[in-house]
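Below: one structure, written as structure tokens.
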Amino acid sequence: MKTDNIIIQETRNWLKAVVIHFNFCPFAKRELINNHIRFVVCHEKNIEPTLETLIEECRHLDRYPDTETTLLISPKTFKKFDDYLMMLDLAQALMETQGYEGTYQLASFHPEYCFKGSNAEDPANYTNRSPYPMLHLIREASLETALMHYEQPELIPERNIKMAKETGLKQLQIILKNCYQKTK
């Protein structure tokens, strides 16, 4: 059984080897270097307690403005992508009813991430594939500020898809697999 420290290290490996290396998120490197990313492992096995943990993390961000973002990692649940998508819809709705819409944005990552209408083997899916199912809470205000200093931010998704396709499926699979191997 993996400890929280191993799960967090594997997530950090992914963040460095995929998200930062390919610059899928142009703001991730700065936040990782500045230690402004909170990594939380959620061992809940059901949707409701996982959603409670999500709201607890929103409250944590409310209390600690130096924490820029939270990665809520769920290694034991939502292994099926459809289950994860159902939980994601509920998470979005809960954040809205709890008054967090416009304060925090929710980004999604999953080991089987597949964009709607996309083939599961499309390298573009690797822009959102991760070692574990996770929810990424992002401060809306910080994101808006960062985007003001980034040329053509609306082109980030297109650039990411192009980079993933140029890298290729096999190489991306190896990189993601290596995120696990570095902790052994």
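Ordering of the structure tokens sets the chain letters (A, B, ...), residue numbers begin anew at 1 in every chain, and ligands are numbered from 1 in the order given.
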
Closest-contact table, region 22-95 of chain A side, partner region 132-139 of chain A, 7 Å, counting only C-alpha atoms, as JSON lines:
{"residue": "A:Glu68", "atom": "CA", "partner": "A:Arg139", "partner_atom": "CA", "distance": 6.5}
{"residue": "A:Thr69", "atom": "CA", "partner": "A:Ile138", "partner_atom": "CA", "distance": 4.9}
{"residue": "A:Thr70", "atom": "CA", "partner": "A:Leu137", "partner_atom": "CA", "distance": 5.1}
{"residue": "A:Leu71", "atom": "CA", "partner": "A:His136", "partner_atom": "CA", "distance": 4.6}
{"residue": "A:Leu72", "atom": "CA", "partner": "A:Leu135", "partner_atom": "CA", "distance": 5.1}
{"residue": "A:Ile73", "atom": "CA", "partner": "A:Met134", "partner_atom": "CA", "distance": 4.4}
{"residue": "A:Ser74", "atom": "CA", "partner": "A:Pro133", "partner_atom": "CA", "distance": 5.4}
{"residue": "A:Pro75", "atom": "CA", "partner": "A:Tyr132", "partner_atom": "CA", "distance": 5.4}
{"residue": "A:Phe78", "atom": "CA", "partner": "A:Pro133", "partner_atom": "CA", "distance": 6.5}
{"residue": "A:Lys79", "atom": "CA", "partner": "A:Pro133", "partner_atom": "CA", "distance": 6.9}

Go ahead and save the residues from that selection, with C-alpha atoms, as a JSON list (two decimals), in the first residue's frame.
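again-v1.json, written as the output of this step:
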[["chain", "number", "residue", "atom", "x", "y", "z"],
["A", 68, "GLU", "CA", -2.27, 29.44, -4.43],
["A", 69, "THR", "CA", -3.83, 26.15, -5.46],
["A", 70, "THR", "CA", -4.76, 22.69, -4.17],
["A", 71, "LEU", "CA", -4.45, 19.33, -5.85],
["A", 72, "LEU", "CA", -6.98, 17.00, -4.22],
["A", 73, "ILE", "CA", -5.76, 13.50, -5.05],
["A", 74, "SER", "CA", -8.13, 10.50, -4.82],
["A", 75, "PRO", "CA", -6.02, 7.36, -5.27],
["A", 78, "PHE", "CA", -13.17, 7.26, -9.20],
["A", 79, "LYS", "CA", -10.88, 4.88, -11.08]]

Distance query region 110-127 of chain A at most 9 Å, only C-alpha atoms, self and fewer than 2 positions along chain excluded, as a PDB file with N, CA and C atoms, in the first residue's frame:
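The resulting around-v3.pdb:
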ATOM      1  N   VAL A  18       5.364  16.321 -16.800  1.00  0.00           N
ATOM      2  CA  VAL A  18       4.331  16.509 -17.825  1.00  0.00           C
ATOM      3  C   VAL A  18       3.875  17.970 -17.848  1.00  0.00           C
ATOM      4  N   VAL A  19       3.237  18.401 -16.793  1.00  0.00           N
ATOM      5  CA  VAL A  19       2.614  19.731 -16.782  1.00  0.00           C
ATOM      6  C   VAL A  19       3.649  20.836 -16.971  1.00  0.00           C
ATOM      7  N   PHE A  22       6.174  20.193 -20.387  1.00  0.00           N
ATOM      8  CA  PHE A  22       5.514  20.546 -21.646  1.00  0.00           C
ATOM      9  C   PHE A  22       4.816  21.905 -21.590  1.00  0.00           C
ATOM     10  N   PHE A  24       2.179  22.737 -20.133  1.00  0.00           N
ATOM     11  CA  PHE A  24       0.731  22.640 -20.303  1.00  0.00           C
ATOM     12  C   PHE A  24       0.018  23.704 -19.477  1.00  0.00           C
ATOM     13  N   PHE A  78     -12.943   6.669  -7.869  1.00  0.00           N
ATOM     14  CA  PHE A  78     -13.171   7.259  -9.198  1.00  0.00           C
ATOM     15  C   PHE A  78     -12.175   6.733 -10.237  1.00  0.00           C
ATOM     16  N   LYS A  79     -11.831   5.455 -10.122  1.00  0.00           N
ATOM     17  CA  LYS A  79     -10.879   4.875 -11.079  1.00  0.00           C
ATOM     18  C   LYS A  79     -11.478   4.792 -12.480  1.00  0.00           C
ATOM     19  N   LYS A  80     -12.790   4.617 -12.555  1.00  0.00           N
ATOM     20  CA  LYS A  80     -13.472   4.633 -13.858  1.00  0.00           C
ATOM     21  C   LYS A  80     -13.734   6.083 -14.213  1.00  0.00           C
ATOM     22  N   PHE A  81     -13.384   6.454 -15.422  1.00  0.00           N
ATOM     23  CA  PHE A  81     -13.491   7.848 -15.844  1.00  0.00           C
ATOM     24  C   PHE A  81     -14.938   8.346 -15.780  1.00  0.00           C
ATOM     25  N   TYR A  84     -15.708   9.297 -12.313  1.00  0.00           N
ATOM     26  CA  TYR A  84     -15.022  10.547 -12.021  1.00  0.00           C
ATOM     27  C   TYR A  84     -15.801  11.743 -12.594  1.00  0.00           C
ATOM     28  N   SER A 108      -9.722  19.426 -13.939  1.00  0.00           N
ATOM     29  CA  SER A 108      -9.846  17.987 -13.728  1.00  0.00           C
ATOM     30  C   SER A 108      -8.718  17.208 -14.392  1.00  0.00           C
ATOM     31  N   ARG A 129      -4.197  13.917 -18.366  1.00  0.00           N
ATOM     32  CA  ARG A 129      -4.001  12.608 -17.728  1.00  0.00           C
ATOM     33  C   ARG A 129      -2.995  12.760 -16.603  1.00  0.00           C
ATOM     34  N   SER A 130      -3.263  12.066 -15.515  1.00  0.00           N
ATOM     35  CA  SER A 130      -2.455  12.174 -14.307  1.00  0.00           C
ATOM     36  C   SER A 130      -2.308  10.797 -13.672  1.00  0.00           C
ATOM     37  N   PRO A 131      -1.410  10.676 -12.702  1.00  0.00           N
ATOM     38  CA  PRO A 131      -1.239   9.369 -12.052  1.00  0.00           C
ATOM     39  C   PRO A 131      -2.487   8.907 -11.291  1.00  0.00           C
ATOM     40  N   TYR A 132      -3.246   9.849 -10.767  1.00  0.00           N
ATOM     41  CA  TYR A 132      -4.428   9.533  -9.965  1.00  0.00           C
ATOM     42  C   TYR A 132      -5.566  10.461 -10.350  1.00  0.00           C
ATOM     43  N   PRO A 133      -6.808  10.049 -10.056  1.00  0.00           N
ATOM     44  CA  PRO A 133      -7.906  10.997 -10.213  1.00  0.00           C
ATOM     45  C   PRO A 133      -7.678  12.174  -9.257  1.00  0.00           C
ATOM     46  N   MET A 134      -7.856  13.377  -9.753  1.00  0.00           N
ATOM     47  CA  MET A 134      -7.676  14.532  -8.876  1.00  0.00           C
ATOM     48  C   MET A 134      -8.490  15.717  -9.345  1.00  0.00           C
ATOM     49  N   LEU A 135      -8.757  16.566  -8.378  1.00  0.00           N
ATOM     50  CA  LEU A 135      -9.406  17.841  -8.621  1.00  0.00           C
ATOM     51  C   LEU A 135      -8.397  18.929  -8.309  1.00  0.00           C
ATOM     52  N   PRO A 157      -4.926  25.929 -24.804  1.00  0.00           N
ATOM     53  CA  PRO A 157      -5.371  24.551 -25.075  1.00  0.00           C
ATOM     54  C   PRO A 157      -4.923  24.034 -26.441  1.00  0.00           C
ATOM     55  N   ASN A 160      -1.259  23.203 -26.285  1.00  0.00           N
ATOM     56  CA  ASN A 160      -1.049  21.980 -25.512  1.00  0.00           C
ATOM     57  C   ASN A 160      -1.375  20.739 -26.323  1.00  0.00           C
ATOM     58  N   ILE A 161      -2.479  20.784 -27.052  1.00  0.00           N
ATOM     59  CA  ILE A 161      -2.873  19.651 -27.887  1.00  0.00           C
ATOM     60  C   ILE A 161      -1.828  19.404 -28.977  1.00  0.00           C
ATOM     61  N   LYS A 162      -1.367  20.480 -29.585  1.00  0.00           N
ATOM     62  CA  LYS A 162      -0.329  20.346 -30.622  1.00  0.00           C
ATOM     63  C   LYS A 162       0.937  19.724 -30.038  1.00  0.00           C
ATOM     64  N   MET A 163       1.345  20.195 -28.863  1.00  0.00           N
ATOM     65  CA  MET A 163       2.551  19.662 -28.216  1.00  0.00           C
ATOM     66  C   MET A 163       2.381  18.180 -27.889  1.00  0.00           C
ATOM     67  N   ALA A 164       1.223  17.802 -27.372  1.00  0.00           N
ATOM     68  CA  ALA A 164       0.981  16.403 -27.034  1.00  0.00           C
ATOM     69  C   ALA A 164       1.013  15.526 -28.283  1.00  0.00           C
ATOM     70  N   LYS A 165       0.393  15.984 -29.354  1.00  0.00           N
ATOM     71  CA  LYS A 165       0.380  15.196 -30.591  1.00  0.00           C
ATOM     72  C   LYS A 165       1.788  15.079 -31.186  1.00  0.00           C
ATOM     73  N   GLU A 166       2.564  16.150 -31.109  1.00  0.00           N
ATOM     74  CA  GLU A 166       3.942  16.098 -31.618  1.00  0.00           C
ATOM     75  C   GLU A 166       4.803  15.160 -30.784  1.00  0.00           C
ATOM     76  N   THR A 167       4.559  15.120 -29.487  1.00  0.00           N
ATOM     77  CA  THR A 167       5.319  14.230 -28.610  1.00  0.00           C
ATOM     78  C   THR A 167       4.961  12.778 -28.883  1.00  0.00           C
ATOM     79  N   GLY A 168       3.692  12.515 -29.109  1.00  0.00           N
ATOM     80  CA  GLY A 168       3.236  11.175 -29.470  1.00  0.00           C
ATOM     81  C   GLY A 168       2.786  10.339 -28.288  1.00  0.00           C
ATOM     82  N   LEU A 169       1.873   9.435 -28.598  1.00  0.00           N
ATOM     83  CA  LEU A 169       1.251   8.595 -27.591  1.00  0.00           C
ATOM     84  C   LEU A 169       2.280   7.762 -26.823  1.00  0.00           C
ATOM     85  N   LYS A 170       3.137   7.062 -27.515  1.00  0.00           N
ATOM     86  CA  LYS A 170       4.104   6.159 -26.856  1.00  0.00           C
ATOM     87  C   LYS A 170       4.989   6.918 -25.884  1.00  0.00           C
ATOM     88  N   LEU A 172       4.434   9.819 -24.407  1.00  0.00           N
ATOM     89  CA  LEU A 172       3.637  10.311 -23.278  1.00  0.00           C
ATOM     90  C   LEU A 172       3.311   9.187 -22.303  1.00  0.00           C
ATOM     91  N   GLN A 173       3.029   8.000 -22.818  1.00  0.00           N
ATOM     92  CA  GLN A 173       2.768   6.846 -21.955  1.00  0.00           C
ATOM     93  C   GLN A 173       4.006   6.518 -21.114  1.00  0.00           C
ATOM     94  N   LEU A 176       4.494   9.241 -18.344  1.00  0.00           N
ATOM     95  CA  LEU A 176       3.556   9.072 -17.241  1.00  0.00           C
ATOM     96  C   LEU A 176       3.922   7.846 -16.400  1.00  0.00           C
TER      97      LEU A 176
END

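Every protein, DNA or RNA residue with an atom at most 10 Å from Thr67 (chain A), where only C-alpha atoms count and chain neighbours fewer than 6 positions away do not, is listed here: Glu31, Asn34, Asn35, His36, Ile37, Arg38, His60, Leu61, Ile138 and Arg139 of chain A.
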
Selected residues written out with N, CA and C atoms, as a CSV table (one decimal), in the first residue's frame:
chain,number,residue,atom,x,y,z
A,31,GLU,N,4.5,28.3,-9.2
A,31,GLU,CA,3.8,28.0,-8.0
A,31,GLU,C,4.5,26.8,-7.3
A,34,ASN,N,7.7,28.1,-5.7
A,34,ASN,CA,7.4,29.0,-4.5
A,34,ASN,C,6.7,28.2,-3.4
A,35,ASN,N,6.5,26.9,-3.6
A,35,ASN,CA,5.8,26.1,-2.6
A,35,ASN,C,4.4,26.6,-2.3
A,36,HIS,N,3.7,27.0,-3.3
A,36,HIS,CA,2.3,27.5,-3.1
A,36,HIS,C,1.2,26.5,-3.6
A,37,ILE,N,1.7,25.3,-3.8
A,37,ILE,CA,0.7,24.2,-4.2
A,37,ILE,C,0.5,23.3,-3.0
A,38,ARG,N,-0.7,23.1,-2.7
A,38,ARG,CA,-1.1,22.2,-1.6
A,38,ARG,C,-1.5,20.9,-2.2
A,60,HIS,N,-9.8,26.1,3.3
A,60,HIS,CA,-8.4,26.2,3.6
A,60,HIS,C,-7.8,27.4,2.7
A,61,LEU,N,-8.2,27.4,1.4
A,61,LEU,CA,-7.7,28.5,0.6
A,61,LEU,C,-8.2,29.8,1.0
A,138,ILE,N,-8.2,26.2,-8.2
A,138,ILE,CA,-7.4,27.3,-8.7
A,138,ILE,C,-8.1,28.6,-8.2
A,139,ARG,N,-7.3,29.6,-7.7
A,139,ARG,CA,-7.9,30.9,-7.4
A,139,ARG,C,-8.2,31.6,-8.7

- Message: At a cut-off of 10 Å, using only C-alpha atoms, what residues contact Asp62 (chain A)? Leave out same-chain residues fewer than 4 positions from it and give the result as a PyMOL selection string.
- Response: chain A and resi 56-58+66-67+103-104+139

- Message: Using DSSP secondary structure from the backbone, list all strand (DSSP E or B) positions within region 48-89 of chain A, as a list of chain:residue names.
- Response: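 Result set for region 48-89 of chain A (strand (DSSP E or B)): A:Thr69, A:Thr70, A:Leu71, A:Leu72, A:Ile73.
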
- So, counting only C-alpha atoms, which residue among A:Asn5, A:Arg30, A:Leu54, A:His149 is closest to Gln98 (chain A)? A:Leu54

- Task: Work out how far CA of Glu10 (chain A) is from CA of Asn46 (chain A), in Å to one decimal.
- Result: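 It comes out at 22.9 Å.
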
- Task: May I have all residues of chain A that DSSP, computed from the backbone, assigns to helix (DSSP H, G or I), given as a ChimeraX atom specification?
- Result: /A:4-20,28-33,47-63,81-97,123-127,140-148,153-167,169-181

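Taking only C-alpha atoms into account, Glu52 (chain A) lies nearest to A:Leu94 out of the set A:Met1, A:Leu94, A:Met86, A:Ile8.
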
- Smallest atom-to-atom distance to Lys177 (chain A): which of A:Cys42, A:Trp14, A:Lys29, A:Thr3, using only C-alpha atoms?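 Under the stated criterion, the closest residue is A:Trp14.
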